[in-house]
Amino acid sequence: MSGKRVPLIWQIGIGFILGILAGIIGGDKVKIVEPIGQIFLTLLKMLIVPLVFSSLVVGAASIGDPRDLGRIGIKTIGLYLVTTAVAIVIGLALGNIMQPGVGLTLSEGATAFKAPEAPDIKSVILGLFPSNPIKAAADGVMLQIIVFALFLGVSAVLAGEKGKPLIAFFDSLAEAMYKLTGMVMMLAPYGVFALIAVTVSKYGLSVLAPFAKVIFAVYLGCFLHAAIVYSGLIILFVKRSPLWFFRGIWEASLTAFVTRSSSATLPITMQNTQTNLGISEKVTSFVLPLGATINMDGTALYQGVCALFVAQAYGMPLPLTAQVTILLTATLASIGTAGVPGAGLIMLTLVLTAVGLPLEGAALVAGIDAVLDMARTSINVTGDSAVAAVVAAWEGEKL
Ligand code: ASP
């Protein structure tokens, strides 16, 4: 042995592969490692609010001019919407071509599902503003935290000399939080091992086999979206190789895969994009927390595939107009999906309702949803990072 440490990125990969093996071989016994996964997840969640808040105050202060902030905001949201719409089109195309629901025997007695209320625009806009920022932080309401941090950062600049200590304080807090993120990431190989082992042990082949086609369609769609859309964005606008990009955010993509939570992965996404891709705190602190909340390409793609899957399973063909409705509702539904495990399934009911499909269709997917959630969350996080890289390049950063 040379005594050199194996790089973390490899350790995480090894943890992942060993976890899959342990899940297959160990069966139920792998339950004993479950707490390790839980601790890893809890520590990641612990980082989110102080990390996002402090780095965003500093980021907003470094941008300073509210007009510049607005410009970055428009670019970011525009890119988020376009990539999400493309993802749904890919999902719908695969659903039409592969016909994953055809020939499926419907299981009786599926659990009843209730569709959530579609959020109306007024309450969405009102909901952006916290009446009590401390409560927003305590409840982890990300959009309100983002809005308050932006206000505070800009105000600190406007306060001139007197605002400087405040910015310095948050700068120092952000630095400490980055260090802490690095420490939590040391646990990642073990956390990843435990999380994937437990997931694999829960899903035997017998559970997955009848759904092989829909699983394949979602995974293929996610792969194509990354390979075509994200690679294209990186080549066209960042002028770097896609390999550089995917290698740089690999830890975040894998962590998203096993945790099934964009929010929980956020600290690692921020670390990866800053350290490995060299994107500034100014861009990452704004683009990524927003993305973890509203940009869900994988979820949108999954909703496209699953809507068609349900339609086919129930023998209710969807005309083109209905598929356009899916494009619109799945965009909104994915924006409204929280970055936590399984949230996309709840929002799928919204899409099904919009085109008159039975809600029980969601129950059909529920049994295998975790497996689909892994791929879509990974793409959600990868998509946020790709947009961060493009926005950084547009802002003149040299990556
Ligand atoms: N688990 C996903 C995420 O955190 C959301 C979803 O369920 O689609 O990004």
# chains A, B, ... in the order shown; residues from 1 in each chain; ligands from 1
>>> residues_near_ligand(ligand="ligand 1", cutoff="6 Å", atoms="only C-alpha atoms and all ligand atoms", output="ChimeraX atom specification")
/A:260-262,299,338-344,373,377,380
>>> write_last_selection(atoms="N, CA and C atoms", output="mmCIF file, in the first residue's frame")
data_model
loop_
_atom_site.group_PDB
_atom_site.id
_atom_site.type_symbol
_atom_site.label_atom_id
_atom_site.label_comp_id
_atom_site.auth_asym_id
_atom_site.auth_seq_id
_atom_site.Cartn_x
_atom_site.Cartn_y
_atom_site.Cartn_z
ATOM 1 N N ARG A 260 -32.762 10.465 -2.379
ATOM 2 C CA ARG A 260 -34.019 10.813 -3.032
ATOM 3 C C ARG A 260 -34.531 12.178 -2.564
ATOM 4 N N SER A 261 -33.612 13.083 -2.280
ATOM 5 C CA SER A 261 -34.030 14.414 -1.850
ATOM 6 C C SER A 261 -33.080 15.482 -2.396
ATOM 7 N N SER A 262 -33.625 16.350 -3.245
ATOM 8 C CA SER A 262 -32.813 17.459 -3.760
ATOM 9 C C SER A 262 -32.410 18.391 -2.627
ATOM 10 N N THR A 299 -38.372 14.925 -12.267
ATOM 11 C CA THR A 299 -39.749 14.745 -11.820
ATOM 12 C C THR A 299 -40.717 15.010 -12.972
ATOM 13 N N ALA A 338 -41.994 19.422 -3.762
ATOM 14 C CA ALA A 338 -40.946 19.700 -2.778
ATOM 15 C C ALA A 338 -39.758 18.767 -3.036
ATOM 16 N N GLY A 339 -38.569 19.215 -2.657
ATOM 17 C CA GLY A 339 -37.377 18.389 -2.896
ATOM 18 C C GLY A 339 -37.177 17.326 -1.855
ATOM 19 N N VAL A 340 -38.234 16.564 -1.598
ATOM 20 C CA VAL A 340 -38.144 15.494 -0.594
ATOM 21 C C VAL A 340 -38.603 14.176 -1.223
ATOM 22 N N PRO A 341 -38.248 13.038 -0.614
ATOM 23 C CA PRO A 341 -38.592 11.758 -1.238
ATOM 24 C C PRO A 341 -40.096 11.611 -1.478
ATOM 25 N N GLY A 342 -40.431 11.139 -2.652
ATOM 26 C CA GLY A 342 -41.826 10.785 -2.936
ATOM 27 C C GLY A 342 -42.752 11.936 -3.269
ATOM 28 N N ALA A 343 -42.253 13.169 -3.220
ATOM 29 C CA ALA A 343 -43.149 14.316 -3.453
ATOM 30 C C ALA A 343 -43.706 14.299 -4.874
ATOM 31 N N GLY A 344 -42.903 13.811 -5.823
ATOM 32 C CA GLY A 344 -43.328 13.797 -7.221
ATOM 33 C C GLY A 344 -44.543 12.908 -7.449
ATOM 34 N N ASP A 373 -37.877 7.415 -8.095
ATOM 35 C CA ASP A 373 -37.477 8.636 -7.401
ATOM 36 C C ASP A 373 -35.956 8.806 -7.415
ATOM 37 N N THR A 377 -34.565 12.231 -8.936
ATOM 38 C CA THR A 377 -33.912 13.187 -8.036
ATOM 39 C C THR A 377 -32.487 13.475 -8.504
ATOM 40 N N ASN A 380 -32.777 15.848 -11.195
ATOM 41 C CA ASN A 380 -33.158 17.167 -10.677
ATOM 42 C C ASN A 380 -31.925 17.957 -10.233
#
>>> residues_around(residues="Pro35 in chain A", least_positions_apart="2", cutoff="12 Å", atoms="only C-alpha atoms", output="ChimeraX atom specification")
/A:30-33,37-42,190-195,197-198
>>> write_last_selection(atoms="C-alpha atoms", output="PDB file, in the first residue's frame")
ATOM      1  CA  VAL A  30     -29.229  -4.891   6.372  1.00  0.00           C
ATOM      2  CA  LYS A  31     -31.765  -3.085   8.539  1.00  0.00           C
ATOM      3  CA  ILE A  32     -29.025  -2.752  11.158  1.00  0.00           C
ATOM      4  CA  VAL A  33     -27.212  -0.224   9.016  1.00  0.00           C
ATOM      5  CA  GLY A  37     -28.090   6.322   6.545  1.00  0.00           C
ATOM      6  CA  GLN A  38     -30.478   8.263   8.760  1.00  0.00           C
ATOM      7  CA  ILE A  39     -27.645  10.046  10.561  1.00  0.00           C
ATOM      8  CA  PHE A  40     -26.081  11.016   7.234  1.00  0.00           C
ATOM      9  CA  LEU A  41     -29.407  12.374   6.016  1.00  0.00           C
ATOM     10  CA  THR A  42     -30.069  14.260   9.228  1.00  0.00           C
ATOM     11  CA  TYR A 190     -20.987   5.058   4.762  1.00  0.00           C
ATOM     12  CA  GLY A 191     -24.254   6.952   4.403  1.00  0.00           C
ATOM     13  CA  VAL A 192     -24.534   6.051   0.744  1.00  0.00           C
ATOM     14  CA  PHE A 193     -23.737   2.426   1.538  1.00  0.00           C
ATOM     15  CA  ALA A 194     -26.458   2.221   4.187  1.00  0.00           C
ATOM     16  CA  LEU A 195     -29.138   4.047   2.202  1.00  0.00           C
ATOM     17  CA  ALA A 197     -28.419  -1.269   0.910  1.00  0.00           C
ATOM     18  CA  VAL A 198     -31.723  -0.686   2.671  1.00  0.00           C
TER      19      VAL A 198
END
>>> residues_around(residues="Leu328 in chain A", least_positions_apart="6", cutoff="12 Å", atoms="only C-alpha atoms", output="VMD selection string")
chain A and resid 81 to 82 84 to 86 88 to 89 300 303 to 304 321 to 322 334 to 335 350 to 351 354 to 355
>>> write_last_selection(atoms="N, CA, C and O atoms", output="PDB file, in the first residue's frame")
ATOM      1  N   LEU A  81     -37.259  26.767 -16.735  1.00  0.00           N
ATOM      2  CA  LEU A  81     -38.518  26.431 -17.410  1.00  0.00           C
ATOM      3  C   LEU A  81     -38.265  25.673 -18.718  1.00  0.00           C
ATOM      4  O   LEU A  81     -38.927  24.675 -19.014  1.00  0.00           O
ATOM      5  N   VAL A  82     -37.285  26.150 -19.488  1.00  0.00           N
ATOM      6  CA  VAL A  82     -37.017  25.507 -20.779  1.00  0.00           C
ATOM      7  C   VAL A  82     -36.557  24.059 -20.573  1.00  0.00           C
ATOM      8  O   VAL A  82     -37.061  23.125 -21.222  1.00  0.00           O
ATOM      9  N   THR A  84     -37.095  22.111 -18.111  1.00  0.00           N
ATOM     10  CA  THR A  84     -38.192  21.288 -17.592  1.00  0.00           C
ATOM     11  C   THR A  84     -39.137  20.888 -18.729  1.00  0.00           C
ATOM     12  O   THR A  84     -39.542  19.715 -18.836  1.00  0.00           O
ATOM     13  N   ALA A  85     -39.470  21.856 -19.589  1.00  0.00           N
ATOM     14  CA  ALA A  85     -40.388  21.551 -20.690  1.00  0.00           C
ATOM     15  C   ALA A  85     -39.773  20.488 -21.620  1.00  0.00           C
ATOM     16  O   ALA A  85     -40.462  19.544 -22.038  1.00  0.00           O
ATOM     17  N   VAL A  86     -38.492  20.625 -21.898  1.00  0.00           N
ATOM     18  CA  VAL A  86     -37.832  19.629 -22.762  1.00  0.00           C
ATOM     19  C   VAL A  86     -37.886  18.245 -22.101  1.00  0.00           C
ATOM     20  O   VAL A  86     -38.137  17.225 -22.758  1.00  0.00           O
ATOM     21  N   ILE A  88     -40.132  17.047 -20.145  1.00  0.00           N
ATOM     22  CA  ILE A  88     -41.468  16.443 -20.282  1.00  0.00           C
ATOM     23  C   ILE A  88     -41.668  15.919 -21.700  1.00  0.00           C
ATOM     24  O   ILE A  88     -42.228  14.828 -21.896  1.00  0.00           O
ATOM     25  N   VAL A  89     -41.194  16.678 -22.680  1.00  0.00           N
ATOM     26  CA  VAL A  89     -41.337  16.217 -24.063  1.00  0.00           C
ATOM     27  C   VAL A  89     -40.603  14.879 -24.243  1.00  0.00           C
ATOM     28  O   VAL A  89     -41.139  13.944 -24.856  1.00  0.00           O
ATOM     29  N   ALA A 300     -40.448  16.069 -13.737  1.00  0.00           N
ATOM     30  CA  ALA A 300     -41.319  16.417 -14.855  1.00  0.00           C
ATOM     31  C   ALA A 300     -41.318  15.298 -15.902  1.00  0.00           C
ATOM     32  O   ALA A 300     -42.367  14.888 -16.407  1.00  0.00           O
ATOM     33  N   GLN A 303     -43.274  12.420 -14.693  1.00  0.00           N
ATOM     34  CA  GLN A 303     -44.716  12.635 -14.752  1.00  0.00           C
ATOM     35  C   GLN A 303     -45.248  12.434 -16.168  1.00  0.00           C
ATOM     36  O   GLN A 303     -46.338  11.918 -16.363  1.00  0.00           O
ATOM     37  N   GLY A 304     -44.432  12.835 -17.163  1.00  0.00           N
ATOM     38  CA  GLY A 304     -44.816  12.599 -18.558  1.00  0.00           C
ATOM     39  C   GLY A 304     -44.929  11.112 -18.857  1.00  0.00           C
ATOM     40  O   GLY A 304     -45.948  10.626 -19.386  1.00  0.00           O
ATOM     41  N   THR A 321     -53.951  16.760 -27.756  1.00  0.00           N
ATOM     42  CA  THR A 321     -54.321  17.915 -26.922  1.00  0.00           C
ATOM     43  C   THR A 321     -54.129  17.583 -25.436  1.00  0.00           C
ATOM     44  O   THR A 321     -53.670  18.417 -24.662  1.00  0.00           O
ATOM     45  N   ALA A 322     -54.488  16.360 -25.068  1.00  0.00           N
ATOM     46  CA  ALA A 322     -54.316  15.968 -23.662  1.00  0.00           C
ATOM     47  C   ALA A 322     -52.826  15.950 -23.308  1.00  0.00           C
ATOM     48  O   ALA A 322     -52.427  16.292 -22.195  1.00  0.00           O
ATOM     49  N   SER A 334     -44.209  20.045 -11.350  1.00  0.00           N
ATOM     50  CA  SER A 334     -42.816  19.815 -10.950  1.00  0.00           C
ATOM     51  C   SER A 334     -42.276  21.025 -10.187  1.00  0.00           C
ATOM     52  O   SER A 334     -41.494  20.880  -9.253  1.00  0.00           O
ATOM     53  N   ILE A 335     -42.736  22.221 -10.553  1.00  0.00           N
ATOM     54  CA  ILE A 335     -42.313  23.415  -9.805  1.00  0.00           C
ATOM     55  C   ILE A 335     -42.838  23.322  -8.366  1.00  0.00           C
ATOM     56  O   ILE A 335     -42.147  23.658  -7.408  1.00  0.00           O
ATOM     57  N   LEU A 350     -52.011  15.336  -9.575  1.00  0.00           N
ATOM     58  CA  LEU A 350     -52.467  16.599 -10.166  1.00  0.00           C
ATOM     59  C   LEU A 350     -52.506  16.485 -11.691  1.00  0.00           C
ATOM     60  O   LEU A 350     -53.454  16.919 -12.346  1.00  0.00           O
ATOM     61  N   VAL A 351     -51.461  15.891 -12.234  1.00  0.00           N
ATOM     62  CA  VAL A 351     -51.361  15.740 -13.698  1.00  0.00           C
ATOM     63  C   VAL A 351     -52.437  14.769 -14.188  1.00  0.00           C
ATOM     64  O   VAL A 351     -53.100  15.025 -15.198  1.00  0.00           O
ATOM     65  N   ALA A 354     -55.782  16.414 -14.277  1.00  0.00           N
ATOM     66  CA  ALA A 354     -55.918  17.423 -15.346  1.00  0.00           C
ATOM     67  C   ALA A 354     -56.354  16.802 -16.661  1.00  0.00           C
ATOM     68  O   ALA A 354     -56.996  17.458 -17.472  1.00  0.00           O
ATOM     69  N   VAL A 355     -55.997  15.530 -16.896  1.00  0.00           N
ATOM     70  CA  VAL A 355     -56.392  14.912 -18.167  1.00  0.00           C
ATOM     71  C   VAL A 355     -57.429  13.815 -17.967  1.00  0.00           C
ATOM     72  O   VAL A 355     -57.651  12.981 -18.840  1.00  0.00           O
TER      73      VAL A 355
END
>>> residues_around(residues="Ala115 in chain A", least_positions_apart="2", cutoff="8 Å", atoms="only C-alpha atoms", output="list in words")
Phe113, Glu117, Ile346, Met347, Thr349, Leu350, Thr353 and Leu359 of chain A
>>> closest_residue(among="A:Val310, A:Ala256, A:Leu104, A:Ile63", to="Ile196 in chain A", atoms="only C-alpha atoms")
A:Ala256
>>> atom_distance(atom1="CA of Ala313 in chain A", atom2="CA of Asp297 in chain A")
24.1 Å
>>> closest_atom_pairs(of="range 233-349 of chain A", to="range 201-220 of chain A", cutoff="9 Å", atoms="only C-alpha atoms", output="CSV")
residue,atom,partner,partner_atom,distance
A:Gly298,CA,A:Val218,CA,8.5
A:Leu301,CA,A:Val218,CA,7.3
A:Tyr302,CA,A:Val218,CA,5.9
A:Val305,CA,A:Val218,CA,6.7
A:Cys306,CA,A:Val214,CA,7.5
A:Phe309,CA,A:Val214,CA,7.1
>>> write_last_selection(atoms="N, CA and C atoms", output="PDB file, in the first residue's frame")
ATOM      1  N   GLY A 298     -36.202  15.888 -13.693  1.00  0.00           N
ATOM      2  CA  GLY A 298     -36.420  14.442 -13.587  1.00  0.00           C
ATOM      3  C   GLY A 298     -37.861  14.147 -13.203  1.00  0.00           C
ATOM      4  N   LEU A 301     -40.139  14.792 -16.182  1.00  0.00           N
ATOM      5  CA  LEU A 301     -40.008  13.706 -17.169  1.00  0.00           C
ATOM      6  C   LEU A 301     -40.781  12.468 -16.704  1.00  0.00           C
ATOM      7  N   TYR A 302     -40.599  12.160 -15.426  1.00  0.00           N
ATOM      8  CA  TYR A 302     -41.295  11.018 -14.821  1.00  0.00           C
ATOM      9  C   TYR A 302     -42.815  11.183 -14.908  1.00  0.00           C
ATOM     10  N   VAL A 305     -43.905  10.354 -18.487  1.00  0.00           N
ATOM     11  CA  VAL A 305     -43.915   8.906 -18.743  1.00  0.00           C
ATOM     12  C   VAL A 305     -45.076   8.255 -17.991  1.00  0.00           C
ATOM     13  N   CYS A 306     -45.226   8.627 -16.710  1.00  0.00           N
ATOM     14  CA  CYS A 306     -46.216   7.925 -15.883  1.00  0.00           C
ATOM     15  C   CYS A 306     -47.647   8.249 -16.293  1.00  0.00           C
ATOM     16  N   PHE A 309     -48.230   6.003 -19.041  1.00  0.00           N
ATOM     17  CA  PHE A 309     -48.245   4.643 -18.491  1.00  0.00           C
ATOM     18  C   PHE A 309     -49.627   4.323 -17.906  1.00  0.00           C
TER      19      PHE A 309
END
>>> closest_atom_pairs(of="range 133-192 of chain A", to="range 233-254 of chain A", cutoff="12 Å", atoms="only C-alpha atoms", output="tab-separated table")
residue	atom	partner	partner_atom	distance
A:Gly182	CA	A:Glu251	CA	12.0
A:Met185	CA	A:Glu251	CA	9.2
A:Met186	CA	A:Glu251	CA	11.4
A:Ala188	CA	A:Glu251	CA	8.8
A:Pro189	CA	A:Glu251	CA	9.9
A:Gly191	CA	A:Leu254	CA	11.3
A:Val192	CA	A:Leu254	CA	8.2
>>> atom_distance(atom1="CA of Ala174 in chain A", atom2="CA of Leu51 in chain A")
5.9 Å
>>> select_by_dssp(residues="range 90-236 of chain A", states="helix (DSSP H, G or I)", output="number ranges by chain")
A: 90-98, 121-126, 133-139, 142-158, 160-186, 188-202, 205-236
>>> decode(residues="range 114-129 of chain A", atoms="N, CA and C atoms", output="PDB file, in the first residue's frame")
ATOM      1  N   LYS A 114     -55.573  10.857  -3.048  1.00  0.00           N
ATOM      2  CA  LYS A 114     -56.278  12.127  -3.137  1.00  0.00           C
ATOM      3  C   LYS A 114     -55.382  13.105  -3.877  1.00  0.00           C
ATOM      4  N   ALA A 115     -55.946  13.766  -4.883  1.00  0.00           N
ATOM      5  CA  ALA A 115     -55.121  14.742  -5.602  1.00  0.00           C
ATOM      6  C   ALA A 115     -54.985  15.992  -4.760  1.00  0.00           C
ATOM      7  N   PRO A 116     -53.770  16.567  -4.697  1.00  0.00           N
ATOM      8  CA  PRO A 116     -53.636  17.817  -3.959  1.00  0.00           C
ATOM      9  C   PRO A 116     -54.327  18.934  -4.727  1.00  0.00           C
ATOM     10  N   GLU A 117     -54.681  19.980  -4.025  1.00  0.00           N
ATOM     11  CA  GLU A 117     -55.267  21.148  -4.694  1.00  0.00           C
ATOM     12  C   GLU A 117     -54.203  21.787  -5.571  1.00  0.00           C
ATOM     13  N   ALA A 118     -54.567  22.169  -6.786  1.00  0.00           N
ATOM     14  CA  ALA A 118     -53.613  22.901  -7.607  1.00  0.00           C
ATOM     15  C   ALA A 118     -53.397  24.270  -6.975  1.00  0.00           C
ATOM     16  N   PRO A 119     -52.147  24.661  -6.754  1.00  0.00           N
ATOM     17  CA  PRO A 119     -51.925  25.947  -6.098  1.00  0.00           C
ATOM     18  C   PRO A 119     -52.311  27.087  -7.035  1.00  0.00           C
ATOM     19  N   ASP A 120     -53.005  28.118  -6.498  1.00  0.00           N
ATOM     20  CA  ASP A 120     -53.312  29.227  -7.405  1.00  0.00           C
ATOM     21  C   ASP A 120     -52.189  30.261  -7.335  1.00  0.00           C
ATOM     22  N   ILE A 121     -52.047  30.987  -8.453  1.00  0.00           N
ATOM     23  CA  ILE A 121     -50.917  31.904  -8.610  1.00  0.00           C
ATOM     24  C   ILE A 121     -50.833  32.908  -7.463  1.00  0.00           C
ATOM     25  N   LYS A 122     -52.015  33.396  -7.030  1.00  0.00           N
ATOM     26  CA  LYS A 122     -52.019  34.426  -5.994  1.00  0.00           C
ATOM     27  C   LYS A 122     -51.359  33.909  -4.706  1.00  0.00           C
ATOM     28  N   SER A 123     -51.763  32.698  -4.296  1.00  0.00           N
ATOM     29  CA  SER A 123     -51.190  32.218  -3.029  1.00  0.00           C
ATOM     30  C   SER A 123     -49.719  31.840  -3.194  1.00  0.00           C
ATOM     31  N   VAL A 124     -49.333  31.436  -4.423  1.00  0.00           N
ATOM     32  CA  VAL A 124     -47.912  31.141  -4.642  1.00  0.00           C
ATOM     33  C   VAL A 124     -47.091  32.412  -4.452  1.00  0.00           C
ATOM     34  N   ILE A 125     -47.582  33.522  -5.055  1.00  0.00           N
ATOM     35  CA  ILE A 125     -46.826  34.776  -4.963  1.00  0.00           C
ATOM     36  C   ILE A 125     -46.831  35.300  -3.531  1.00  0.00           C
ATOM     37  N   LEU A 126     -48.003  35.239  -2.884  1.00  0.00           N
ATOM     38  CA  LEU A 126     -48.067  35.693  -1.488  1.00  0.00           C
ATOM     39  C   LEU A 126     -47.146  34.853  -0.602  1.00  0.00           C
ATOM     40  N   GLY A 127     -47.078  33.577  -0.922  1.00  0.00           N
ATOM     41  CA  GLY A 127     -46.282  32.652  -0.109  1.00  0.00           C
ATOM     42  C   GLY A 127     -44.784  32.878  -0.200  1.00  0.00           C
ATOM     43  N   LEU A 128     -44.357  33.734  -1.129  1.00  0.00           N
ATOM     44  CA  LEU A 128     -42.919  33.995  -1.247  1.00  0.00           C
ATOM     45  C   LEU A 128     -42.393  34.849  -0.097  1.00  0.00           C
ATOM     46  N   PHE A 129     -43.289  35.622   0.504  1.00  0.00           N
ATOM     47  CA  PHE A 129     -42.828  36.607   1.474  1.00  0.00           C
ATOM     48  C   PHE A 129     -43.079  36.126   2.897  1.00  0.00           C
TER      49      PHE A 129
END
